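A.B. asks: Quick one, target_23.pdb (PDB, C-alpha atoms and all ligand atoms):
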MODEL        1
ATOM      1  CA  MET A 271     165.789  96.305  -1.314
ATOM      2  CA  CYS A 272     163.663  95.680  -4.398
ATOM      3  CA  ASP A 273     161.682  92.595  -5.385
ATOM      4  CA  ARG A 274     161.667  91.111  -8.913
ATOM      5  CA  ARG A 275     159.118  93.691 -10.063
ATOM      6  CA  GLY A 276     161.490  96.418  -8.961
ATOM      7  CA  GLU A 277     159.176  97.502  -6.143
ATOM      8  CA  LYS A 278     160.624  98.587  -2.840
ATOM      9  CA  SER A 279     160.272  95.965  -0.082
ATOM     10  CA  VAL A 280     161.224  96.452   3.550
ATOM     11  CA  VAL A 281     163.057  93.278   4.572
ATOM     12  CA  ARG A 282     164.128  92.403   8.092
ATOM     13  CA  ILE A 283     166.837  89.789   8.386
ATOM     14  CA  ALA A 284     168.825  88.294  11.261
ATOM     15  CA  LEU A 285     172.187  86.551  10.951
ATOM     16  CA  LEU A 286     172.992  83.700  13.319
ATOM     17  CA  GLY A 287     176.306  81.921  13.646
ATOM     18  CA  ALA A 288     179.173  81.276  16.040
ATOM     19  CA  PRO A 289     181.801  83.930  16.802
ATOM     20  CA  GLY A 290     183.880  84.343  13.646
ATOM     21  CA  ALA A 291     181.281  82.751  11.343
ATOM     22  CA  GLY A 292     181.257  85.932   9.216
ATOM     23  CA  LYS A 293     178.133  87.749  10.444
ATOM     24  CA  GLY A 294     179.781  91.182  10.515
ATOM     25  CA  THR A 295     181.492  90.654   7.156
ATOM     26  CA  GLN A 296     178.257  89.656   5.442
ATOM     27  CA  ALA A 297     176.149  92.325   7.177
ATOM     28  CA  ASN A 298     178.594  95.013   5.993
ATOM     29  CA  ALA A 299     178.302  93.662   2.444
ATOM     30  CA  MET A 300     174.490  93.525   2.703
ATOM     31  CA  GLN A 301     174.437  97.133   3.828
ATOM     32  CA  GLU A 302     176.599  98.187   0.891
ATOM     33  CA  ARG A 303     174.687  96.145  -1.676
ATOM     34  CA  TRP A 304     171.076  96.566  -0.573
ATOM     35  CA  GLY A 305     171.153  99.592   1.733
ATOM     36  CA  LEU A 306     169.913  97.600   4.731
ATOM     37  CA  ALA A 307     170.757  99.129   8.102
ATOM     38  CA  HIS A 308     173.517  97.018   9.680
ATOM     39  CA  VAL A 309     172.494  96.644  13.308
ATOM     40  CA  ALA A 310     175.326  94.948  15.215
ATOM     41  CA  SER A 311     174.938  94.552  18.962
ATOM     42  CA  GLY A 312     178.678  93.873  19.385
ATOM     43  CA  ASP A 313     179.657  97.064  17.501
ATOM     44  CA  LEU A 314     177.160  99.113  19.531
ATOM     45  CA  LEU A 315     178.567  97.682  22.753
ATOM     46  CA  ARG A 316     182.186  98.315  21.685
ATOM     47  CA  ASP A 317     181.265 101.932  20.807
ATOM     48  CA  ASN A 318     179.786 102.320  24.296
ATOM     49  CA  VAL A 319     182.922 100.872  25.886
ATOM     50  CA  LYS A 320     185.145 103.179  23.771
ATOM     51  CA  ASN A 321     183.045 106.223  24.745
ATOM     52  CA  ASP A 322     183.010 105.149  28.411
ATOM     53  CA  THR A 323     179.212 105.400  28.711
ATOM     54  CA  GLU A 324     177.312 103.910  31.648
ATOM     55  CA  LEU A 325     176.230 101.005  29.404
ATOM     56  CA  GLY A 326     179.836 100.527  28.243
ATOM     57  CA  ARG A 327     181.091 100.384  31.843
ATOM     58  CA  LYS A 328     178.448  97.798  32.747
ATOM     59  CA  ALA A 329     179.004  95.676  29.591
ATOM     60  CA  LYS A 330     182.826  95.667  29.523
ATOM     61  CA  PRO A 331     183.519  92.959  32.160
ATOM     62  CA  TYR A 332     181.101  90.536  30.496
ATOM     63  CA  MET A 333     182.583  91.159  27.046
ATOM     64  CA  GLU A 334     186.165  90.757  28.225
ATOM     65  CA  ALA A 335     185.240  87.446  29.860
ATOM     66  CA  GLY A 336     183.492  86.198  26.701
ATOM     67  CA  GLU A 337     180.115  86.090  28.462
ATOM     68  CA  LEU A 338     176.835  87.556  27.292
ATOM     69  CA  VAL A 339     175.842  91.006  28.478
ATOM     70  CA  PRO A 340     172.569  90.782  30.508
ATOM     71  CA  ASP A 341     169.392  90.769  28.416
ATOM     72  CA  ASP A 342     167.871  93.927  29.972
ATOM     73  CA  LEU A 343     170.885  96.046  28.940
ATOM     74  CA  ILE A 344     170.858  94.611  25.421
ATOM     75  CA  LEU A 345     167.110  95.021  24.946
ATOM     76  CA  ASP A 346     167.159  98.705  25.963
ATOM     77  CA  MET A 347     170.106  99.333  23.620
ATOM     78  CA  MET A 348     168.441  97.533  20.711
ATOM     79  CA  GLU A 349     165.093  99.245  21.257
ATOM     80  CA  GLU A 350     166.826 102.588  20.847
ATOM     81  CA  ARG A 351     168.816 101.412  17.802
ATOM     82  CA  LEU A 352     165.868  99.864  15.962
ATOM     83  CA  ALA A 353     163.828 103.043  16.430
ATOM     84  CA  ARG A 354     166.355 105.098  14.418
ATOM     85  CA  PRO A 355     165.250 106.251  10.944
ATOM     86  CA  ASP A 356     167.667 104.080   8.916
ATOM     87  CA  ALA A 357     166.227 100.880  10.420
ATOM     88  CA  GLN A 358     162.717 101.723   9.169
ATOM     89  CA  ALA A 359     163.772 100.899   5.583
ATOM     90  CA  GLY A 360     164.858  97.334   6.472
ATOM     91  CA  PHE A 361     167.701  95.940   8.555
ATOM     92  CA  VAL A 362     170.129  93.104   9.021
ATOM     93  CA  LEU A 363     170.698  92.076  12.634
ATOM     94  CA  ASP A 364     174.227  90.896  13.473
ATOM     95  CA  GLY A 365     174.772  89.318  16.917
ATOM     96  CA  PHE A 366     171.200  89.899  18.094
ATOM     97  CA  PRO A 367     169.113  88.082  19.219
ATOM     98  CA  ARG A 368     171.421  85.794  21.154
ATOM     99  CA  THR A 369     169.175  84.278  23.822
ATOM    100  CA  LEU A 370     165.634  82.946  23.757
ATOM    101  CA  ALA A 371     164.523  85.919  25.873
ATOM    102  CA  GLN A 372     166.013  88.333  23.315
ATOM    103  CA  ALA A 373     164.353  86.480  20.421
ATOM    104  CA  GLU A 374     160.958  86.577  22.134
ATOM    105  CA  ALA A 375     161.337  90.268  22.999
ATOM    106  CA  LEU A 376     162.260  91.042  19.380
ATOM    107  CA  ASP A 377     159.225  89.114  18.103
ATOM    108  CA  ALA A 378     156.969  91.014  20.509
ATOM    109  CA  ARG A 379     158.432  94.360  19.436
ATOM    110  CA  LEU A 380     157.973  93.599  15.753
ATOM    111  CA  GLU A 381     154.485  92.115  16.214
ATOM    112  CA  ALA A 382     153.339  95.227  18.065
ATOM    113  CA  LYS A 383     154.132  97.154  14.883
ATOM    114  CA  GLY A 384     152.567  94.569  12.552
ATOM    115  CA  GLN A 385     156.034  93.467  11.430
ATOM    116  CA  GLN A 386     158.096  90.274  11.529
ATOM    117  CA  LEU A 387     161.538  88.889  10.755
ATOM    118  CA  ASP A 388     161.442  87.793   7.112
ATOM    119  CA  ALA A 389     164.430  85.431   7.206
ATOM    120  CA  VAL A 390     167.051  84.185   9.671
ATOM    121  CA  ILE A 391     170.305  83.056   8.083
ATOM    122  CA  ASN A 392     172.545  80.685  10.034
ATOM    123  CA  LEU A 393     176.166  80.830   8.849
ATOM    124  CA  VAL A 394     177.716  77.426   9.483
ATOM    125  CA  VAL A 395     181.511  77.244   9.918
ATOM    126  CA  SER A 396     183.684  74.610  11.645
ATOM    127  CA  GLU A 397     185.408  75.424  14.940
ATOM    128  CA  GLU A 398     188.830  74.829  13.349
ATOM    129  CA  GLU A 399     188.135  77.463  10.669
ATOM    130  CA  ILE A 400     186.766  79.892  13.274
ATOM    131  CA  LEU A 401     189.913  79.644  15.401
ATOM    132  CA  ARG A 402     192.069  80.220  12.312
ATOM    133  CA  ARG A 403     190.030  83.267  11.262
ATOM    134  CA  LEU A 404     189.891  84.925  14.675
ATOM    135  CA  SER A 405     193.616  84.577  15.310
ATOM    136  CA  GLY A 406     194.220  87.124  12.515
ATOM    137  CA  ARG A 407     191.113  89.325  12.545
ATOM    138  CA  LEU A 408     191.530  93.082  12.400
ATOM    139  CA  ILE A 409     188.658  95.526  12.822
ATOM    140  CA  CYS A 410     188.154  99.203  12.162
ATOM    141  CA  PRO A 411     187.058 100.941  15.383
ATOM    142  CA  GLN A 412     185.685 103.822  13.277
ATOM    143  CA  CYS A 413     183.488 102.296  10.528
ATOM    144  CA  HIS A 414     183.402  98.646  11.764
ATOM    145  CA  ALA A 415     184.927  97.128   8.598
ATOM    146  CA  VAL A 416     186.417  93.658   9.180
ATOM    147  CA  TYR A 417     189.692  92.201   7.801
ATOM    148  CA  GLN A 418     191.749  89.040   8.157
ATOM    149  CA  ALA A 419     195.506  89.496   8.203
ATOM    150  CA  GLU A 420     196.215  86.512   5.914
ATOM    151  CA  THR A 421     193.128  85.977   3.780
ATOM    152  CA  MET A 422     191.440  89.427   3.621
ATOM    153  CA  PRO A 423     194.184  91.972   4.365
ATOM    154  CA  PRO A 424     193.653  95.724   3.947
ATOM    155  CA  LYS A 425     195.321  97.316   0.900
ATOM    156  CA  GLN A 426     197.680  99.277   3.163
ATOM    157  CA  PRO A 427     198.877  97.309   6.221
ATOM    158  CA  GLY A 428     197.073  98.367   9.418
ATOM    159  CA  ILE A 429     194.854 100.983   7.691
ATOM    160  CA  CYS A 430     191.135 100.689   6.937
ATOM    161  CA  ASP A 431     190.381 100.695   3.170
ATOM    162  CA  ARG A 432     186.991 102.301   3.783
ATOM    163  CA  CYS A 433     187.737 105.199   6.138
ATOM    164  CA  GLY A 434     191.523 105.344   6.640
ATOM    165  CA  ALA A 435     191.406 104.699  10.416
ATOM    166  CA  LYS A 436     194.043 102.578  12.175
ATOM    167  CA  LEU A 437     192.953  98.934  12.457
ATOM    168  CA  VAL A 438     192.960  97.173  15.817
ATOM    169  CA  GLN A 439     192.562  93.681  17.255
ATOM    170  CA  ARG A 440     189.601  93.095  19.528
ATOM    171  CA  SER A 441     190.257  92.707  23.245
ATOM    172  CA  ASP A 442     188.185  89.486  23.399
ATOM    173  CA  GLU A 443     190.335  87.466  20.934
ATOM    174  CA  SER A 444     192.694  85.648  23.307
ATOM    175  CA  PRO A 445     192.431  81.842  22.873
ATOM    176  CA  GLU A 446     190.815  81.432  26.327
ATOM    177  CA  VAL A 447     188.163  84.093  25.701
ATOM    178  CA  VAL A 448     187.439  82.776  22.195
ATOM    179  CA  ARG A 449     186.936  79.291  23.695
ATOM    180  CA  LYS A 450     184.557  80.769  26.268
ATOM    181  CA  ARG A 451     182.628  82.653  23.557
ATOM    182  CA  LEU A 452     182.250  79.439  21.534
ATOM    183  CA  GLN A 453     180.987  77.608  24.631
ATOM    184  CA  VAL A 454     178.514  80.410  25.427
ATOM    185  CA  TYR A 455     177.343  80.340  21.801
ATOM    186  CA  GLU A 456     176.620  76.587  21.968
ATOM    187  CA  GLU A 457     174.777  76.886  25.284
ATOM    188  CA  GLN A 458     172.773  80.084  24.840
ATOM    189  CA  THR A 459     172.559  81.037  21.153
ATOM    190  CA  ALA A 460     172.600  77.761  19.162
ATOM    191  CA  PRO A 461     169.088  76.873  20.522
ATOM    192  CA  LEU A 462     167.769  79.825  18.468
ATOM    193  CA  VAL A 463     168.410  77.785  15.314
ATOM    194  CA  ASP A 464     165.546  75.464  16.313
ATOM    195  CA  TYR A 465     163.423  78.395  17.474
ATOM    196  CA  TYR A 466     163.536  79.969  14.005
ATOM    197  CA  ARG A 467     163.365  76.622  12.186
ATOM    198  CA  LYS A 468     160.015  75.968  13.901
ATOM    199  CA  LYS A 469     158.834  79.372  12.674
ATOM    200  CA  GLY A 470     159.754  78.328   9.122
ATOM    201  CA  ILE A 471     162.117  81.248   8.465
ATOM    202  CA  LEU A 472     165.512  79.588   9.046
ATOM    203  CA  HIS A 473     168.029  79.248   6.191
ATOM    204  CA  GLU A 474     171.340  77.416   6.668
ATOM    205  CA  VAL A 475     174.278  78.718   4.619
ATOM    206  CA  ASP A 476     177.769  77.216   4.456
ATOM    207  CA  GLY A 477     179.869  80.111   5.791
ATOM    208  CA  ALA A 478     183.215  78.574   4.804
ATOM    209  CA  ILE A 479     183.003  79.043   1.034
ATOM    210  CA  GLY A 480     184.475  82.513   0.604
ATOM    211  CA  VAL A 481     182.883  85.907   1.213
ATOM    212  CA  GLU A 482     181.534  86.482  -2.310
ATOM    213  CA  ARG A 483     179.979  83.048  -2.632
ATOM    214  CA  VAL A 484     178.333  83.340   0.798
ATOM    215  CA  LEU A 485     176.908  86.695  -0.287
ATOM    216  CA  GLU A 486     175.449  85.128  -3.441
ATOM    217  CA  LYS A 487     173.652  82.493  -1.342
ATOM    218  CA  ILE A 488     172.311  85.264   0.886
ATOM    219  CA  ALA A 489     171.208  87.239  -2.195
ATOM    220  CA  ALA A 490     168.984  84.327  -3.284
ATOM    221  CA  ILE A 491     167.409  84.159   0.189
ATOM    222  CA  LEU A 492     166.838  87.924   0.265
ATOM    223  CA  GLU A 493     165.270  87.895  -3.175
ATOM    224  CA  GLU A 494     162.805  85.249  -1.998
ATOM    225  CA  ALA A 495     162.113  87.181   1.230
ATOM    226  CA  ALA A 496     161.542  90.415  -0.730
ATOM    227  CA  LYS A 497     159.087  88.577  -3.001
ATOM    228  CA  GLN A 498     157.108  87.375   0.013
ATOM    229  CA  VAL A 499     157.136  90.828   1.613
ATOM    230  CA  GLY A 500     155.894  92.208  -1.717
ATOM    231  CA  GLY A 501     153.136  89.566  -1.702
ATOM    232  CA  ARG A 502     152.024  90.682   1.776
ATOM    233  CA  GLY A 503     151.725  94.272   0.499
ATOM    234  CA  SER A 504     154.093  97.159   1.082
ATOM    235  CA  GLU A 505     154.410  98.624   4.602
TER     236      GLU A 505
HETATM  237  P1  LIG B   1     180.022  90.224  18.722
HETATM  238  O1  LIG B   1     180.768  91.424  18.318
HETATM  239  O2  LIG B   1     178.622  90.041  18.217
HETATM  240  O3  LIG B   1     180.924  88.985  18.377
HETATM  241  P2  LIG B   1     180.563  87.492  17.901
HETATM  242  O4  LIG B   1     179.155  87.087  17.755
HETATM  243  O5  LIG B   1     181.369  86.670  18.811
HETATM  244  O6  LIG B   1     180.945  87.479  16.435
HETATM  245  P3  LIG B   1     182.232  88.056  15.829
HETATM  246  O7  LIG B   1     182.097  89.515  15.641
HETATM  247  O8  LIG B   1     183.428  87.557  16.596
HETATM  248  O9  LIG B   1     182.274  87.279  14.451
HETATM  249  P4  LIG B   1     181.457  87.473  13.108
HETATM  250  O10 LIG B   1     180.540  86.306  12.931
HETATM  251  O11 LIG B   1     180.871  88.829  12.981
HETATM  252  O12 LIG B   1     182.656  87.263  12.080
HETATM  253  P5  LIG B   1     183.453  88.342  11.186
HETATM  254  O13 LIG B   1     182.586  88.810  10.079
HETATM  255  O14 LIG B   1     184.095  89.352  12.066
HETATM  256  O15 LIG B   1     179.934  90.138  20.303
HETATM  257  C1  LIG B   1     181.037  90.414  21.139
HETATM  258  C2  LIG B   1     180.600  90.383  22.603
HETATM  259  O16 LIG B   1     179.581  91.382  22.843
HETATM  260  C3  LIG B   1     179.929  89.060  23.055
HETATM  261  O17 LIG B   1     180.888  88.111  23.446
HETATM  262  C4  LIG B   1     179.062  89.549  24.226
HETATM  263  O18 LIG B   1     179.804  89.760  25.374
HETATM  264  C5  LIG B   1     178.566  90.902  23.728
HETATM  265  N1  LIG B   1     177.296  90.835  22.983
HETATM  266  C6  LIG B   1     177.108  91.197  21.666
HETATM  267  N2  LIG B   1     175.834  91.026  21.326
HETATM  268  C7  LIG B   1     175.178  90.557  22.427
HETATM  269  C8  LIG B   1     173.829  90.171  22.680
HETATM  270  N3  LIG B   1     172.887  90.233  21.728
HETATM  271  N4  LIG B   1     173.523  89.706  23.932
HETATM  272  C9  LIG B   1     174.465  89.662  24.890
HETATM  273  N5  LIG B   1     175.752  90.001  24.723
HETATM  274  C10 LIG B   1     176.112  90.454  23.492
HETATM  275  O19 LIG B   1     184.546  87.379  10.540
HETATM  276  C11 LIG B   1     185.562  86.781  11.338
HETATM  277  C12 LIG B   1     186.874  86.740  10.532
HETATM  278  O20 LIG B   1     186.722  85.849   9.437
HETATM  279  C13 LIG B   1     187.273  88.098   9.941
HETATM  280  O21 LIG B   1     188.663  88.251  10.049
HETATM  281  C14 LIG B   1     186.838  87.997   8.467
HETATM  282  O22 LIG B   1     187.694  88.768   7.653
HETATM  283  C15 LIG B   1     186.956  86.502   8.198
HETATM  284  N6  LIG B   1     185.934  86.002   7.279
HETATM  285  C16 LIG B   1     184.602  86.316   7.298
HETATM  286  N7  LIG B   1     183.932  85.627   6.360
HETATM  287  C17 LIG B   1     184.856  84.844   5.724
HETATM  288  C18 LIG B   1     184.776  83.890   4.656
HETATM  289  N8  LIG B   1     183.603  83.584   4.057
HETATM  290  N9  LIG B   1     185.906  83.271   4.277
HETATM  291  C19 LIG B   1     187.089  83.561   4.884
HETATM  292  N10 LIG B   1     187.241  84.462   5.882
HETATM  293  C20 LIG B   1     186.124  85.086   6.319
ENDMDL
END
Render the structure in this file as structure tokens.
Ligand code: AP5

C.D. replies:
Amino acid sequence: MCDRRGEKSVVRIALLGAPGAGKGTQANAMQERWGLAHVASGDLLRDNVKNDTELGRKAKPYMEAGELVPDDLILDMMEERLARPDAQAGFVLDGFPRTLAQAEALDARLEAKGQQLDAVINLVVSEEEILRRLSGRLICPQCHAVYQAETMPPKQPGICDRCGAKLVQRSDESPEVVRKRLQVYEEQTAPLVDYYRKKGILHEVDGAIGVERVLEKIAAILEEAAKQVGGRGSE
């Protein structure tokens, strides 16, 4: 990501928002547009479940019930992911942190390296719109692209535009599990909005205005963040 002077800035962003708010959609677009590593805890967990790893076997019952996977499992997984080379050039976090303990652990990890989150973007979408979106969501199990059967369909029905894999529905999209996920979000993740507001890095974005327009709002926030990173000196 470059600032206005065209200099390279390492920006570290987190997306907050309820299930279905559009975190994955926007993080994919941010990766394509600015080359930020898209670090999605849900995608990492689903890959582990698909590959039947020890972590996947432990996480699966929580995910299927719409509950959060225990913090210790998530923190180990994220430590490993954030240490990978692509994340050193800036990242966008999608679905992490999700509890106060995760947010504090992330802060501690970044601080130990003289780093910080540059902006946290909260995508705000009504529950009615979320339920409508999730009832028709399709995902690519291969490259993690996201579609919506009615409003954002793939060019060829059931096939991923990006990699050609067969699209699937997630196993945690039944109405009961979606309701549970929304409840868990309100109880355990929504308090992070205040946590980041107090730190002065929270930005609220209306997530119901169409993918391109949301991305433009995010672009303005990223440009500002890159300017501030540039002002602190390159890392
Ligand atoms: P996770 O995969 O993170 O799911 P989530 O947070 O519930 O979010 P979603 O992926 O459902 O929604 P999204 O906001 O990414 O929306 P999307 O872009 O797909 O987590 C799943 C499970 O893993 C959790 O329940 C938990 O068990 C576990 N887990 C994960 N992280 C964890 C953590 N840190 N700690 C503990 N447990 C963890 O968009 C939704 C739909 O809307 C799509 O169809 C899309 O095409 C459409 N859409 C998107 N944007 C727009 C728009 N602007 N206009 C119209 N349609 C849109």

A.B. asks: Pick out the closest residue to Ala373 in chain A from this set: A:Leu437, A:Ile344, A:Met333, A:Ala490. Count only C-alpha atoms.

C.D. replies: A:Ile344

A.B. asks: My list of candidates is A:Ala335, A:Leu306, A:Cys410, A:Val475. Which is closest to ligand LIG 1 (chain B) when distances are computed with all atoms listed in the file?

C.D. replies: A:Ala335

A.B. asks: If you apply the PyMOL selection byres (((chain A and resi 484) around 12) and not hetatm) to this file, what residues do you get, as a VMD selection string?

C.D. replies: chain A and resid 291 to 293 295 to 297 299 to 300 391 to 395 474 to 483 485 to 491

A.B. asks: Residues contacting ligand LIG 1 (chain B) - anything with an atom at most 7 Å away, using all atoms listed in the file - can you give me those as a PyMOL selection string?

C.D. replies: chain A and resi 287-296+310-313+315+332-333+336-341+344+364-369+403-404+406-408+416-418+421-422+451+477-481+484

A.B. asks: Between CA of Cys413 in chain A and CA of Gly434 in chain A, what distance in Å does the model show, to one decimal?

C.D. replies: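 Atom-to-atom, CA of Cys413 in chain A to CA of Gly434 in chain A, that is 9.4 Å.
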
A.B. asks: Smallest atom-to-atom distance to Arg502 in chain A: which of A:Glu381, A:Gln386, A:Glu446, A:Arg432, using only C-alpha atoms?

C.D. replies: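 Ranked by minimum distance to Arg502 in chain A, first place goes to A:Gln386.
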
A.B. asks: What residues come out when you apply the PyMOL selection byres (((chain A and resi 304) around 10) and not hetatm) to this file, written as a ChimeraX atom specification?

C.D. replies: /A:271-272,299-303,305-307,360-361,489,492

A.B. asks: Export C-alpha atoms of the chosen residues as a PDB file, in the coordinates of the input?

C.D. replies:
ATOM      1  CA  MET A 271     165.789  96.305  -1.314  1.00  0.00           C
ATOM      2  CA  CYS A 272     163.663  95.680  -4.398  1.00  0.00           C
ATOM      3  CA  ALA A 299     178.302  93.662   2.444  1.00  0.00           C
ATOM      4  CA  MET A 300     174.490  93.525   2.703  1.00  0.00           C
ATOM      5  CA  GLN A 301     174.437  97.133   3.828  1.00  0.00           C
ATOM      6  CA  GLU A 302     176.599  98.187   0.891  1.00  0.00           C
ATOM      7  CA  ARG A 303     174.687  96.145  -1.676  1.00  0.00           C
ATOM      8  CA  GLY A 305     171.153  99.592   1.733  1.00  0.00           C
ATOM      9  CA  LEU A 306     169.913  97.600   4.731  1.00  0.00           C
ATOM     10  CA  ALA A 307     170.757  99.129   8.102  1.00  0.00           C
ATOM     11  CA  GLY A 360     164.858  97.334   6.472  1.00  0.00           C
ATOM     12  CA  PHE A 361     167.701  95.940   8.555  1.00  0.00           C
ATOM     13  CA  ALA A 489     171.208  87.239  -2.195  1.00  0.00           C
ATOM     14  CA  LEU A 492     166.838  87.924   0.265  1.00  0.00           C
TER      15      LEU A 492
END

A.B. asks: From the list A:Gln385, A:Thr323, A:Ser396, A:Gln358, which residue is nearest Leu452 in chain A when using only C-alpha atoms?

C.D. replies: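 Between A:Gln385, A:Thr323, A:Ser396, A:Gln358, the residue approaching Leu452 in chain A most closely is A:Ser396.
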
A.B. asks: CA of Lys436 in chain A and CA of Asp322 in chain A are how many Å apart?

C.D. replies: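 Between these atoms lies a distance of 19.8 Å.
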
A.B. asks: Using the file's own x, y and z axes, so that the box edges lie along x, y and z, what centre and edge lengths in Å (one decimal) does a box around every listed atom of range 361-367 of chain A get when 6 Å is added on each side? Give it as AutoDock Vina command-line options.

C.D. replies:
--center_x 171.2 --center_y 92.0 --center_z 13.9 --size_x 19.1 --size_y 19.9 --size_z 22.7

A.B. asks: Name the residues that the PyMOL selection byres (((chain A and resi 472) around 7) and not hetatm) picks from the file above, as a list in words, using the file's chain letters and numbers.

C.D. replies: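 For this structure, the PyMOL selection byres (((chain A and resi 472) around 7) and not hetatm) captures Ala389, Val390, Ile391, Tyr466, Arg467, Gly470, Ile471, His473 and Glu474 of chain A.
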
A.B. asks: Please dump the current selection as a short mmCIF file (atom, residue, chain, number, x, y, z; two decimals), in the coordinates of the input; keep C-alpha atoms.

C.D. replies:
data_model
loop_
_atom_site.label_atom_id
_atom_site.label_comp_id
_atom_site.auth_asym_id
_atom_site.auth_seq_id
_atom_site.Cartn_x
_atom_site.Cartn_y
_atom_site.Cartn_z
CA ALA A 389 164.43 85.43 7.21
CA VAL A 390 167.05 84.18 9.67
CA ILE A 391 170.30 83.06 8.08
CA TYR A 466 163.54 79.97 14.00
CA ARG A 467 163.36 76.62 12.19
CA GLY A 470 159.75 78.33 9.12
CA ILE A 471 162.12 81.25 8.46
CA HIS A 473 168.03 79.25 6.19
CA GLU A 474 171.34 77.42 6.67
#

A.B. asks: Return the single residue from A:Arg440, A:Asp346, A:Asp388, A:Pro331 that is closest to Lys469 in chain A, with distances computed using all atoms listed in the file.

C.D. replies: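 Among A:Arg440, A:Asp346, A:Asp388, A:Pro331, it is A:Asp388 that comes nearest to Lys469 in chain A.
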
A.B. asks: What's the separation between CA of Arg449 in chain A and CA of Lys330 in chain A, in Å to one decimal place?

C.D. replies: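 Separation of CA of Arg449 in chain A and CA of Lys330 in chain A: 17.9 Å.
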
A.B. asks: Rank nothing, just name the residue among A:Leu352, A:Leu314, A:Leu401, A:Val362 nearest to Arg379 in chain A, using all atoms listed in the file.

C.D. replies: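 Checking each candidate against Arg379 in chain A, we get A:Leu352 as the closest.
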